[in-house]
Amino acid sequence: MKTAEFDYPLPPELIAQQPPEDRAAARMLVVDRWSGSLTHARVRDLPEWLRAGDLLVVNETRVIPARLFGTRADTGGRVELLLIEAQDEGRVRWTALFRAAGRARPGMVLEFAGGLLRAVVEEVRGEGRIVAALSSAEPLADLLSAHGVAPLPPYIRRQTGRSPESVVDLGRYQTVYARHDGAIAAPTAGLHFTPELLAECERRGVGRTAVTLHVGLGTFKPVKVEAVEDHRMESERYEVSEESARRIAAVDRARHRVVAVGSTTVRTLESVAAEHGAVVGCRGRTELFIRPPYAFHVVDAMLTNFHLPRSTLIMMVCALAGHELVMRAYAEAVREKYRFYSYGDCMLIV
């Protein structure tokens with residue numbers, strides 16, 4: 001397929017800049033992939049669309065405040081660093097995105113948090129990526145919590161640096177069930193859940209289990225090639241517990257539905273099944289690119305936000321629900337002025 005087939009027009013004013021006051025008040029377009037019907041609802045209505053015996057699978061990754069603003073030690077020039085992934089168990093060496101007026105070079109020293117955190121550039125890898133060695137006067141997690149900024153995507157406009165608005169983002173750009181630090185982007189479908197909504201799903205006999213995929217640059221890397229199959233995904237880390245694997249297998253045997261919350265959960269489940277023949281307890285890295293035509297092995301239904309045109313995420317959604325139906329649903333969402341992207345509304349595919 002051609003990348004252009006996954007394009008659609010989106011008025012800029014529909015790109016959500018703020019989260020809804022009530023997470024569960026977001027709109028939800030229900031897409032029935034068997035009948036082709038589209039139904040307008042709210043996230044709080046989700047239990048009405050689930051069945052007793054269904055299993056919600058969520059991604060428990062936790063977004064770290066990975067964006068730092070500081071200066072070059074030699075010139076005092078401003079620098080922005082986005083920590084991507086620790087390269088060692090001690091969390092000293094990190095791959096990161098570097099942004100400044102000049103280019104990074106090995107040996108360059110960067111200072112953050114008033115000098116409490118220093119980064120020395122060890123490698124320059126191209127496309128703005130570096131490997132840096134970090135040293136700090138306090139535990140890194142504490143410094144990031146006090147001085148870091150949530151790594152919001154660029155289509156959410158914020159002033160540079162730490163601000164009252166960015167502090168709010170630290171809480172809202174995070175799921176209520178996040179447990180494991182490591183993501184540089186939120187699994188945004190999960191942002192709609194509240195403890196009350198989760199409790200109501202449980203009351204109705206809907207189970208819940210979790211996987212972890214630390215969302216990195218691979219999920220959001222733009223597709224720049226003309227032919228979809230020429231795109232290459234970057235790898236991301238995942239982990240599935242033995243308990244989650246057992247619960248998913250039990251649901252499959254009982255012929256109930258596995259309802260994946262978000263594209264990262266879909267990618268984790270399908271990656272494990274593709275490698276092992278079934279969902280098993282394991283950890284690893286995935287480069288799986290789910291696009292039409294793809295035969296799903298685990299996922300029966302999916303809750304997902306509205307995604308960027310030409311992105312690997314909209315391609316995944318089309319693989320599950322069909323290209324024609326998804327593009328029709330997106331056109332309907334635009335007409336009805338749904339809010340798009342990370343802080344926006346969502347789609348339930350059943």
# chains A, B, ... in the order shown; residues from 1 in each chain; ligands from 1
>>> residues_around(residues="range 176-185 of chain A", least_positions_apart="5", cutoff="8 Å", atoms="only C-alpha atoms", output="PDB file with all heavy atoms, in the first residue's frame")
ATOM      1  N   ASN A  59      -1.304  -1.045  29.344  1.00  0.00           N
ATOM      2  CA  ASN A  59       0.154  -0.888  29.367  1.00  0.00           C
ATOM      3  C   ASN A  59       0.522  -0.084  30.607  1.00  0.00           C
ATOM      4  O   ASN A  59       0.150   1.078  30.737  1.00  0.00           O
ATOM      5  CB  ASN A  59       0.619  -0.166  28.098  1.00  0.00           C
ATOM      6  CG  ASN A  59       2.140  -0.018  28.036  1.00  0.00           C
ATOM      7  OD1 ASN A  59       2.866  -0.467  28.923  1.00  0.00           O
ATOM      8  ND2 ASN A  59       2.620   0.641  26.992  1.00  0.00           N
ATOM      9  N   GLU A  60       1.260  -0.701  31.521  1.00  0.00           N
ATOM     10  CA  GLU A  60       1.588  -0.068  32.796  1.00  0.00           C
ATOM     11  C   GLU A  60       2.874   0.751  32.770  1.00  0.00           C
ATOM     12  O   GLU A  60       3.382   1.146  33.823  1.00  0.00           O
ATOM     13  CB  GLU A  60       1.701  -1.118  33.894  1.00  0.00           C
ATOM     14  CG  GLU A  60       0.371  -1.728  34.307  1.00  0.00           C
ATOM     15  CD  GLU A  60       0.507  -2.672  35.475  1.00  0.00           C
ATOM     16  OE1 GLU A  60       1.566  -3.329  35.613  1.00  0.00           O
ATOM     17  OE2 GLU A  60      -0.453  -2.779  36.260  1.00  0.00           O
ATOM     18  N   THR A  61       3.413   1.042  31.585  1.00  0.00           N
ATOM     19  CA  THR A  61       4.602   1.881  31.537  1.00  0.00           C
ATOM     20  C   THR A  61       4.318   3.251  32.143  1.00  0.00           C
ATOM     21  O   THR A  61       3.186   3.755  32.086  1.00  0.00           O
ATOM     22  CB  THR A  61       5.118   2.042  30.099  1.00  0.00           C
ATOM     23  OG1 THR A  61       6.389   2.706  30.125  1.00  0.00           O
ATOM     24  CG2 THR A  61       4.163   2.869  29.251  1.00  0.00           C
ATOM     25  N   ARG A  62       5.341   3.851  32.729  1.00  0.00           N
ATOM     26  CA  ARG A  62       5.217   5.175  33.342  1.00  0.00           C
ATOM     27  C   ARG A  62       6.114   6.152  32.591  1.00  0.00           C
ATOM     28  O   ARG A  62       7.292   5.869  32.334  1.00  0.00           O
ATOM     29  CB  ARG A  62       5.611   5.119  34.816  1.00  0.00           C
ATOM     30  CG  ARG A  62       5.432   6.427  35.560  1.00  0.00           C
ATOM     31  CD  ARG A  62       5.676   6.257  37.058  1.00  0.00           C
ATOM     32  NE  ARG A  62       5.517   7.524  37.739  1.00  0.00           N
ATOM     33  CZ  ARG A  62       4.356   8.029  38.127  1.00  0.00           C
ATOM     34  NH1 ARG A  62       3.243   7.340  37.917  1.00  0.00           N
ATOM     35  NH2 ARG A  62       4.296   9.188  38.735  1.00  0.00           N
ATOM     36  N   VAL A  63       5.549   7.288  32.218  1.00  0.00           N
ATOM     37  CA  VAL A  63       6.304   8.312  31.496  1.00  0.00           C
ATOM     38  C   VAL A  63       7.248   9.021  32.466  1.00  0.00           C
ATOM     39  O   VAL A  63       6.831   9.460  33.543  1.00  0.00           O
ATOM     40  CB  VAL A  63       5.359   9.344  30.849  1.00  0.00           C
ATOM     41  CG1 VAL A  63       6.168  10.408  30.090  1.00  0.00           C
ATOM     42  CG2 VAL A  63       4.385   8.649  29.909  1.00  0.00           C
ATOM     43  N   ILE A  64       8.511   9.114  32.102  1.00  0.00           N
ATOM     44  CA  ILE A  64       9.459   9.857  32.925  1.00  0.00           C
ATOM     45  C   ILE A  64       9.523  11.302  32.419  1.00  0.00           C
ATOM     46  O   ILE A  64       9.349  11.560  31.226  1.00  0.00           O
ATOM     47  CB  ILE A  64      10.857   9.211  32.906  1.00  0.00           C
ATOM     48  CG1 ILE A  64      11.424   9.152  31.483  1.00  0.00           C
ATOM     49  CG2 ILE A  64      10.813   7.822  33.521  1.00  0.00           C
ATOM     50  CD1 ILE A  64      12.848   8.626  31.421  1.00  0.00           C
ATOM     51  N   PRO A  65       9.752  12.273  33.314  1.00  0.00           N
ATOM     52  CA  PRO A  65       9.881  13.678  32.889  1.00  0.00           C
ATOM     53  C   PRO A  65      11.222  13.878  32.202  1.00  0.00           C
ATOM     54  O   PRO A  65      12.164  14.471  32.746  1.00  0.00           O
ATOM     55  CB  PRO A  65       9.762  14.459  34.194  1.00  0.00           C
ATOM     56  CG  PRO A  65      10.092  13.502  35.266  1.00  0.00           C
ATOM     57  CD  PRO A  65       9.792  12.123  34.766  1.00  0.00           C
ATOM     58  N   ALA A  66      11.315  13.369  30.975  1.00  0.00           N
ATOM     59  CA  ALA A  66      12.595  13.143  30.316  1.00  0.00           C
ATOM     60  C   ALA A  66      13.133  14.353  29.557  1.00  0.00           C
ATOM     61  O   ALA A  66      14.248  14.295  29.036  1.00  0.00           O
ATOM     62  CB  ALA A  66      12.456  11.971  29.347  1.00  0.00           C
ATOM     63  N   LEU A  83      15.897  12.615  27.145  1.00  0.00           N
ATOM     64  CA  LEU A  83      16.426  11.295  27.461  1.00  0.00           C
ATOM     65  C   LEU A  83      15.522  10.230  26.848  1.00  0.00           C
ATOM     66  O   LEU A  83      14.308  10.263  27.027  1.00  0.00           O
ATOM     67  CB  LEU A  83      16.499  11.104  28.974  1.00  0.00           C
ATOM     68  CG  LEU A  83      17.350  12.114  29.746  1.00  0.00           C
ATOM     69  CD1 LEU A  83      17.309  11.805  31.233  1.00  0.00           C
ATOM     70  CD2 LEU A  83      18.787  12.134  29.238  1.00  0.00           C
ATOM     71  N   ILE A  84      16.126   9.288  26.134  1.00  0.00           N
ATOM     72  CA  ILE A  84      15.349   8.258  25.447  1.00  0.00           C
ATOM     73  C   ILE A  84      15.390   6.932  26.187  1.00  0.00           C
ATOM     74  O   ILE A  84      14.359   6.354  26.522  1.00  0.00           O
ATOM     75  CB  ILE A  84      15.844   8.066  23.998  1.00  0.00           C
ATOM     76  CG1 ILE A  84      15.692   9.374  23.208  1.00  0.00           C
ATOM     77  CG2 ILE A  84      15.086   6.929  23.322  1.00  0.00           C
ATOM     78  CD1 ILE A  84      16.295   9.306  21.821  1.00  0.00           C
ATOM     79  N   GLU A  85      16.588   6.429  26.454  1.00  0.00           N
ATOM     80  CA  GLU A  85      16.698   5.104  27.086  1.00  0.00           C
ATOM     81  C   GLU A  85      18.055   4.968  27.748  1.00  0.00           C
ATOM     82  O   GLU A  85      19.086   5.328  27.163  1.00  0.00           O
ATOM     83  CB  GLU A  85      16.515   4.012  26.040  1.00  0.00           C
ATOM     84  CG  GLU A  85      16.505   2.608  26.613  1.00  0.00           C
ATOM     85  CD  GLU A  85      16.276   1.547  25.547  1.00  0.00           C
ATOM     86  OE1 GLU A  85      15.771   1.882  24.450  1.00  0.00           O
ATOM     87  OE2 GLU A  85      16.614   0.377  25.828  1.00  0.00           O
ATOM     88  N   PRO A 151       7.564  14.811  28.359  1.00  0.00           N
ATOM     89  CA  PRO A 151       7.950  14.824  26.948  1.00  0.00           C
ATOM     90  C   PRO A 151       6.740  14.824  26.024  1.00  0.00           C
ATOM     91  O   PRO A 151       6.482  13.863  25.286  1.00  0.00           O
ATOM     92  CB  PRO A 151       8.771  13.543  26.818  1.00  0.00           C
ATOM     93  CG  PRO A 151       8.184  12.625  27.835  1.00  0.00           C
ATOM     94  CD  PRO A 151       7.761  13.485  28.988  1.00  0.00           C
ATOM     95  N   LEU A 152       5.992  15.916  26.044  1.00  0.00           N
ATOM     96  CA  LEU A 152       4.802  16.003  25.197  1.00  0.00           C
ATOM     97  C   LEU A 152       5.192  16.020  23.722  1.00  0.00           C
ATOM     98  O   LEU A 152       6.249  16.539  23.354  1.00  0.00           O
ATOM     99  CB  LEU A 152       4.021  17.279  25.524  1.00  0.00           C
ATOM    100  CG  LEU A 152       3.465  17.424  26.939  1.00  0.00           C
ATOM    101  CD1 LEU A 152       2.741  18.759  27.078  1.00  0.00           C
ATOM    102  CD2 LEU A 152       2.533  16.286  27.280  1.00  0.00           C
ATOM    103  N   PRO A 153       4.352  15.487  22.868  1.00  0.00           N
ATOM    104  CA  PRO A 153       4.628  15.562  21.429  1.00  0.00           C
ATOM    105  C   PRO A 153       4.589  17.004  20.944  1.00  0.00           C
ATOM    106  O   PRO A 153       3.948  17.863  21.557  1.00  0.00           O
ATOM    107  CB  PRO A 153       3.508  14.725  20.809  1.00  0.00           C
ATOM    108  CG  PRO A 153       2.445  14.673  21.849  1.00  0.00           C
ATOM    109  CD  PRO A 153       3.107  14.764  23.177  1.00  0.00           C
ATOM    110  N   LEU A 191      -5.055   7.106  29.005  1.00  0.00           N
ATOM    111  CA  LEU A 191      -5.263   8.366  29.732  1.00  0.00           C
ATOM    112  C   LEU A 191      -6.731   8.594  30.063  1.00  0.00           C
ATOM    113  O   LEU A 191      -7.042   9.403  30.935  1.00  0.00           O
ATOM    114  CB  LEU A 191      -4.741   9.547  28.903  1.00  0.00           C
ATOM    115  CG  LEU A 191      -3.239   9.576  28.597  1.00  0.00           C
ATOM    116  CD1 LEU A 191      -2.907  10.811  27.768  1.00  0.00           C
ATOM    117  CD2 LEU A 191      -2.408   9.551  29.875  1.00  0.00           C
ATOM    118  N   PHE A 193      -8.860   6.516  31.427  1.00  0.00           N
ATOM    119  CA  PHE A 193      -9.392   5.728  32.537  1.00  0.00           C
ATOM    120  C   PHE A 193      -9.257   6.460  33.870  1.00  0.00           C
ATOM    121  O   PHE A 193      -8.259   7.136  34.124  1.00  0.00           O
ATOM    122  CB  PHE A 193      -8.685   4.374  32.622  1.00  0.00           C
ATOM    123  CG  PHE A 193      -9.141   3.405  31.574  1.00  0.00           C
ATOM    124  CD1 PHE A 193      -8.493   3.328  30.349  1.00  0.00           C
ATOM    125  CD2 PHE A 193     -10.222   2.570  31.804  1.00  0.00           C
ATOM    126  CE1 PHE A 193      -8.909   2.435  29.383  1.00  0.00           C
ATOM    127  CE2 PHE A 193     -10.653   1.674  30.836  1.00  0.00           C
ATOM    128  CZ  PHE A 193     -10.002   1.608  29.615  1.00  0.00           C
ATOM    129  N   THR A 194     -10.280   6.266  34.691  1.00  0.00           N
ATOM    130  CA  THR A 194     -10.276   6.732  36.073  1.00  0.00           C
ATOM    131  C   THR A 194     -10.428   5.504  36.973  1.00  0.00           C
ATOM    132  O   THR A 194     -10.881   4.445  36.515  1.00  0.00           O
ATOM    133  CB  THR A 194     -11.442   7.692  36.346  1.00  0.00           C
ATOM    134  OG1 THR A 194     -12.680   6.969  36.171  1.00  0.00           O
ATOM    135  CG2 THR A 194     -11.422   8.887  35.394  1.00  0.00           C
ATOM    136  N   PRO A 195     -10.076   5.632  38.251  1.00  0.00           N
ATOM    137  CA  PRO A 195     -10.320   4.490  39.157  1.00  0.00           C
ATOM    138  C   PRO A 195     -11.776   4.066  39.173  1.00  0.00           C
ATOM    139  O   PRO A 195     -12.085   2.862  39.255  1.00  0.00           O
ATOM    140  CB  PRO A 195      -9.866   5.039  40.512  1.00  0.00           C
ATOM    141  CG  PRO A 195      -8.839   6.077  40.177  1.00  0.00           C
ATOM    142  CD  PRO A 195      -9.332   6.720  38.921  1.00  0.00           C
ATOM    143  N   THR A 212       3.814  -4.370  29.801  1.00  0.00           N
ATOM    144  CA  THR A 212       4.604  -3.137  29.806  1.00  0.00           C
ATOM    145  C   THR A 212       5.338  -3.013  28.486  1.00  0.00           C
ATOM    146  O   THR A 212       6.041  -3.949  28.076  1.00  0.00           O
ATOM    147  CB  THR A 212       5.628  -3.123  30.957  1.00  0.00           C
ATOM    148  OG1 THR A 212       4.941  -3.208  32.206  1.00  0.00           O
ATOM    149  CG2 THR A 212       6.448  -1.842  30.935  1.00  0.00           C
ATOM    150  N   LEU A 213       5.135  -1.915  27.806  1.00  0.00           N
ATOM    151  CA  LEU A 213       5.967  -1.546  26.669  1.00  0.00           C
ATOM    152  C   LEU A 213       6.391  -0.105  26.897  1.00  0.00           C
ATOM    153  O   LEU A 213       5.543   0.783  27.033  1.00  0.00           O
ATOM    154  CB  LEU A 213       5.247  -1.688  25.332  1.00  0.00           C
ATOM    155  CG  LEU A 213       6.122  -1.340  24.114  1.00  0.00           C
ATOM    156  CD1 LEU A 213       5.912  -2.326  22.964  1.00  0.00           C
ATOM    157  CD2 LEU A 213       5.865   0.083  23.614  1.00  0.00           C
ATOM    158  N   HIS A 214       7.700   0.116  26.990  1.00  0.00           N
ATOM    159  CA  HIS A 214       8.205   1.464  27.217  1.00  0.00           C
ATOM    160  C   HIS A 214       8.215   2.212  25.887  1.00  0.00           C
ATOM    161  O   HIS A 214       9.032   1.940  25.010  1.00  0.00           O
ATOM    162  CB  HIS A 214       9.603   1.419  27.832  1.00  0.00           C
ATOM    163  CG  HIS A 214       9.602   0.857  29.227  1.00  0.00           C
ATOM    164  ND1 HIS A 214       8.787   1.358  30.212  1.00  0.00           N
ATOM    165  CD2 HIS A 214      10.319  -0.153  29.790  1.00  0.00           C
ATOM    166  CE1 HIS A 214       8.998   0.681  31.339  1.00  0.00           C
ATOM    167  NE2 HIS A 214       9.910  -0.237  31.101  1.00  0.00           N
ATOM    168  N   VAL A 215       7.277   3.120  25.764  1.00  0.00           N
ATOM    169  CA  VAL A 215       7.068   3.814  24.493  1.00  0.00           C
ATOM    170  C   VAL A 215       8.274   4.682  24.180  1.00  0.00           C
ATOM    171  O   VAL A 215       8.682   5.530  24.980  1.00  0.00           O
ATOM    172  CB  VAL A 215       5.803   4.685  24.547  1.00  0.00           C
ATOM    173  CG1 VAL A 215       5.449   5.170  23.144  1.00  0.00           C
ATOM    174  CG2 VAL A 215       4.646   3.918  25.167  1.00  0.00           C
ATOM    175  N   GLY A 216       8.868   4.465  23.008  1.00  0.00           N
ATOM    176  CA  GLY A 216      10.028   5.229  22.586  1.00  0.00           C
ATOM    177  C   GLY A 216       9.763   5.955  21.292  1.00  0.00           C
ATOM    178  O   GLY A 216       8.616   6.224  20.926  1.00  0.00           O
ATOM    179  N   LEU A 217      10.821   6.251  20.580  1.00  0.00           N
ATOM    180  CA  LEU A 217      10.675   6.989  19.331  1.00  0.00           C
ATOM    181  C   LEU A 217      10.073   6.127  18.233  1.00  0.00           C
ATOM    182  O   LEU A 217       9.492   6.641  17.278  1.00  0.00           O
ATOM    183  CB  LEU A 217      12.032   7.516  18.868  1.00  0.00           C
ATOM    184  CG  LEU A 217      12.678   8.572  19.763  1.00  0.00           C
ATOM    185  CD1 LEU A 217      14.035   8.977  19.190  1.00  0.00           C
ATOM    186  CD2 LEU A 217      11.787   9.794  19.898  1.00  0.00           C
TER     187      LEU A 217
END
>>> residues_around(residues="range 277-282 of chain A", least_positions_apart="5", cutoff="12 Å", atoms="only C-alpha atoms", output="short mmCIF file (atom, residue, chain, number, x, y, z; two decimals) with N, CA and C atoms, in the first residue's frame")
data_model
loop_
_atom_site.label_atom_id
_atom_site.label_comp_id
_atom_site.auth_asym_id
_atom_site.auth_seq_id
_atom_site.Cartn_x
_atom_site.Cartn_y
_atom_site.Cartn_z
N ALA A 210 -2.18 -6.61 32.73
CA ALA A 210 -1.28 -5.57 32.21
C ALA A 210 -0.06 -6.18 31.54
N VAL A 211 0.48 -5.42 30.61
CA VAL A 211 1.80 -5.65 30.03
C VAL A 211 2.56 -4.34 30.18
N THR A 212 3.81 -4.37 29.80
CA THR A 212 4.60 -3.14 29.81
C THR A 212 5.34 -3.01 28.49
N LEU A 213 5.14 -1.92 27.81
CA LEU A 213 5.97 -1.55 26.67
C LEU A 213 6.39 -0.10 26.90
N ARG A 237 11.15 -1.71 24.14
CA ARG A 237 11.25 -2.77 25.15
C ARG A 237 9.87 -3.15 25.68
N TYR A 238 9.66 -4.44 25.88
CA TYR A 238 8.39 -4.89 26.44
C TYR A 238 8.63 -5.97 27.48
N GLU A 239 7.60 -6.20 28.30
CA GLU A 239 7.63 -7.29 29.26
C GLU A 239 6.20 -7.76 29.50
N VAL A 240 6.03 -9.06 29.52
CA VAL A 240 4.74 -9.69 29.83
C VAL A 240 4.97 -10.66 30.99
N SER A 241 4.19 -10.52 32.04
CA SER A 241 4.35 -11.40 33.20
C SER A 241 3.70 -12.77 32.93
N GLU A 242 4.12 -13.76 33.70
CA GLU A 242 3.52 -15.09 33.59
C GLU A 242 2.03 -15.03 33.93
N GLU A 243 1.67 -14.22 34.93
CA GLU A 243 0.27 -14.11 35.34
C GLU A 243 -0.57 -13.52 34.21
N SER A 244 -0.09 -12.47 33.56
CA SER A 244 -0.84 -11.87 32.45
C SER A 244 -0.99 -12.87 31.32
N ALA A 245 0.07 -13.61 31.03
CA ALA A 245 0.00 -14.61 29.97
C ALA A 245 -1.05 -15.67 30.29
N ARG A 246 -1.12 -16.11 31.55
CA ARG A 246 -2.11 -17.12 31.94
C ARG A 246 -3.53 -16.57 31.78
N ARG A 247 -3.73 -15.34 32.18
CA ARG A 247 -5.08 -14.76 32.10
C ARG A 247 -5.52 -14.59 30.65
N ILE A 248 -4.61 -14.19 29.78
CA ILE A 248 -4.94 -14.03 28.36
C ILE A 248 -5.26 -15.38 27.74
N ALA A 249 -4.49 -16.41 28.11
CA ALA A 249 -4.76 -17.76 27.58
C ALA A 249 -6.11 -18.27 28.04
N ALA A 250 -6.47 -17.97 29.30
CA ALA A 250 -7.76 -18.42 29.82
C ALA A 250 -8.92 -17.75 29.09
N VAL A 251 -8.78 -16.48 28.80
CA VAL A 251 -9.82 -15.76 28.06
C VAL A 251 -9.96 -16.33 26.65
N ASP A 252 -8.85 -16.65 26.04
CA ASP A 252 -8.90 -17.24 24.69
C ASP A 252 -9.61 -18.58 24.71
N VAL A 258 -10.20 -10.36 24.08
CA VAL A 258 -9.06 -9.61 24.59
C VAL A 258 -9.20 -8.18 24.04
N VAL A 266 -1.39 -3.49 21.89
CA VAL A 266 -1.55 -4.34 20.70
C VAL A 266 -0.20 -4.83 20.21
N ARG A 267 0.73 -3.91 20.12
CA ARG A 267 2.06 -4.26 19.59
C ARG A 267 2.76 -5.28 20.48
N THR A 268 2.62 -5.13 21.78
CA THR A 268 3.24 -6.07 22.71
C THR A 268 2.64 -7.47 22.55
N LEU A 269 1.32 -7.56 22.60
CA LEU A 269 0.66 -8.86 22.53
C LEU A 269 0.94 -9.56 21.21
N GLU A 270 0.83 -8.84 20.13
CA GLU A 270 1.03 -9.45 18.82
C GLU A 270 2.49 -9.80 18.58
N SER A 271 3.40 -9.01 19.14
CA SER A 271 4.83 -9.31 18.99
C SER A 271 5.18 -10.61 19.70
N VAL A 272 4.68 -10.78 20.92
CA VAL A 272 4.97 -12.00 21.68
C VAL A 272 4.37 -13.22 20.99
N PHE A 296 -4.46 -10.72 12.97
CA PHE A 296 -4.27 -10.61 14.40
C PHE A 296 -4.40 -11.98 15.06
N HIS A 297 -3.51 -12.25 16.01
CA HIS A 297 -3.48 -13.54 16.69
C HIS A 297 -4.07 -13.47 18.09
N VAL A 298 -4.10 -12.30 18.69
CA VAL A 298 -4.50 -12.17 20.09
C VAL A 298 -5.63 -11.17 20.28
N VAL A 299 -5.51 -10.01 19.69
CA VAL A 299 -6.40 -8.88 19.98
C VAL A 299 -7.73 -9.02 19.25
#
>>> residues_around(residues="Met28 in chain A", least_positions_apart="6", cutoff="8 Å", atoms="only C-alpha atoms", output="PyMOL selection string")
chain A and resi 40-43+345-348
>>> residues_around(residues="range 331-339 of chain A", least_positions_apart="5", cutoff="7 Å", atoms="only C-alpha atoms", output="list in words")
Leu10, Leu14, Ile15, Ala16, Gly344 and Asp345 of chain A
>>> select_by_dssp(residues="range 43-291 of chain A", states="strand (DSSP E)", output="number ranges by chain")
A: 55-59, 61-63, 67-72, 78-86, 93-100, 109-112, 117-126, 129-136, 180-183, 207-214, 236-240, 258-261, 282-286
>>> write_last_selection(atoms="C-alpha atoms", output="CSV table (one decimal), in the first residue's frame")
chain,number,residue,atom,x,y,z
A,55,LEU,CA,-10.3,-8.9,29.5
A,56,LEU,CA,-8.9,-5.4,29.3
A,57,VAL,CA,-5.2,-5.4,28.8
A,58,VAL,CA,-3.4,-2.2,29.6
A,59,ASN,CA,0.2,-0.9,29.4
A,61,THR,CA,4.6,1.9,31.5
A,62,ARG,CA,5.2,5.2,33.3
A,63,VAL,CA,6.3,8.3,31.5
A,67,ARG,CA,12.8,16.6,28.7
A,68,LEU,CA,15.5,18.8,30.2
A,69,PHE,CA,16.4,22.4,29.5
A,70,GLY,CA,19.9,23.6,30.4
A,71,THR,CA,23.1,25.2,29.0
A,72,ARG,CA,26.4,24.3,27.4
A,78,ARG,CA,20.8,27.0,25.7
A,79,VAL,CA,20.4,23.2,25.2
A,80,GLU,CA,17.4,20.9,25.3
A,81,LEU,CA,17.9,17.2,26.0
A,82,LEU,CA,15.3,14.4,25.7
A,83,LEU,CA,16.4,11.3,27.5
A,84,ILE,CA,15.3,8.3,25.4
A,85,GLU,CA,16.7,5.1,27.1
A,86,ALA,CA,19.3,4.2,29.7
A,93,ARG,CA,24.8,6.3,30.0
A,94,TRP,CA,21.7,7.4,28.0
A,95,THR,CA,20.7,7.8,24.4
A,96,ALA,CA,19.1,11.2,24.0
A,97,LEU,CA,17.9,13.7,21.5
A,98,PHE,CA,20.1,16.9,21.5
A,99,ARG,CA,18.7,20.3,20.4
A,100,ALA,CA,20.8,23.5,20.4
A,109,VAL,CA,29.6,19.2,28.7
A,110,LEU,CA,26.0,20.1,29.3
A,111,GLU,CA,24.5,21.4,32.6
A,112,PHE,CA,21.0,21.1,33.9
A,117,LEU,CA,23.0,17.4,36.7
A,118,ARG,CA,25.8,17.2,34.1
A,119,ALA,CA,25.9,15.3,30.9
A,120,VAL,CA,29.0,14.6,28.9
A,121,VAL,CA,28.5,13.8,25.2
A,122,GLU,CA,30.3,10.5,24.4
A,123,GLU,CA,28.9,9.7,20.9
A,124,VAL,CA,27.1,11.5,18.2
A,125,ARG,CA,24.9,9.2,16.2
A,126,GLY,CA,23.1,11.5,13.7
A,129,ARG,CA,20.8,11.6,18.7
A,130,ILE,CA,23.7,11.3,21.1
A,131,VAL,CA,24.9,9.0,23.9
A,132,ALA,CA,25.7,11.0,27.1
A,133,ALA,CA,27.1,10.1,30.5
A,134,LEU,CA,25.1,11.6,33.3
A,135,SER,CA,26.4,12.6,36.7
A,136,SER,CA,24.4,14.2,39.4
A,180,HIS,CA,7.1,1.0,35.6
A,181,ASP,CA,9.3,4.0,34.7
A,182,GLY,CA,10.7,4.0,31.2
A,183,ALA,CA,8.4,5.7,28.6
A,207,GLY,CA,-11.2,-8.5,33.9
A,208,ARG,CA,-8.0,-6.5,33.7
A,209,THR,CA,-4.4,-7.4,33.3
A,210,ALA,CA,-1.3,-5.6,32.2
A,211,VAL,CA,1.8,-5.7,30.0
A,212,THR,CA,4.6,-3.1,29.8
A,213,LEU,CA,6.0,-1.5,26.7
A,214,HIS,CA,8.2,1.5,27.2
A,236,GLU,CA,10.9,-0.8,21.9
A,237,ARG,CA,11.3,-2.8,25.2
A,238,TYR,CA,8.4,-4.9,26.4
A,239,GLU,CA,7.6,-7.3,29.3
A,240,VAL,CA,4.7,-9.7,29.8
A,258,VAL,CA,-9.1,-9.6,24.6
A,259,VAL,CA,-9.6,-5.8,24.6
A,260,ALA,CA,-6.3,-4.0,24.1
A,261,VAL,CA,-6.1,-0.5,25.5
A,282,CYS,CA,8.7,-13.0,28.6
A,283,ARG,CA,10.6,-9.8,28.0
A,284,GLY,CA,12.3,-8.5,24.9
A,285,ARG,CA,12.3,-5.9,22.2
A,286,THR,CA,10.0,-5.5,19.2
>>> select_by_dssp(residues="range 53-226 of chain A", states="alpha helix (DSSP H)", output="NGL selection string")
:A and (140-147 or 164-172 or 195-203 or 217-220)
>>> residues_around(residues="range 221-232 of chain A", least_positions_apart="3", cutoff="10 Å", atoms="only C-alpha atoms", output="MDAnalysis selection string")
chainID A and resid 1:6 216:218 235 287:289 291:292 308:313 315
>>> closest_residue(among="A:Gly90, A:Ala199, A:His147, A:Arg33", to="Gly114 in chain A", atoms="only C-alpha atoms")
A:His147
>>> atom_distance(atom1="CA of Val31 in chain A", atom2="CA of Pro47 in chain A")
15.2 Å
>>> atom_distance(atom1="CA of Leu197 in chain A", atom2="CA of Phe340 in chain A")
21.7 Å
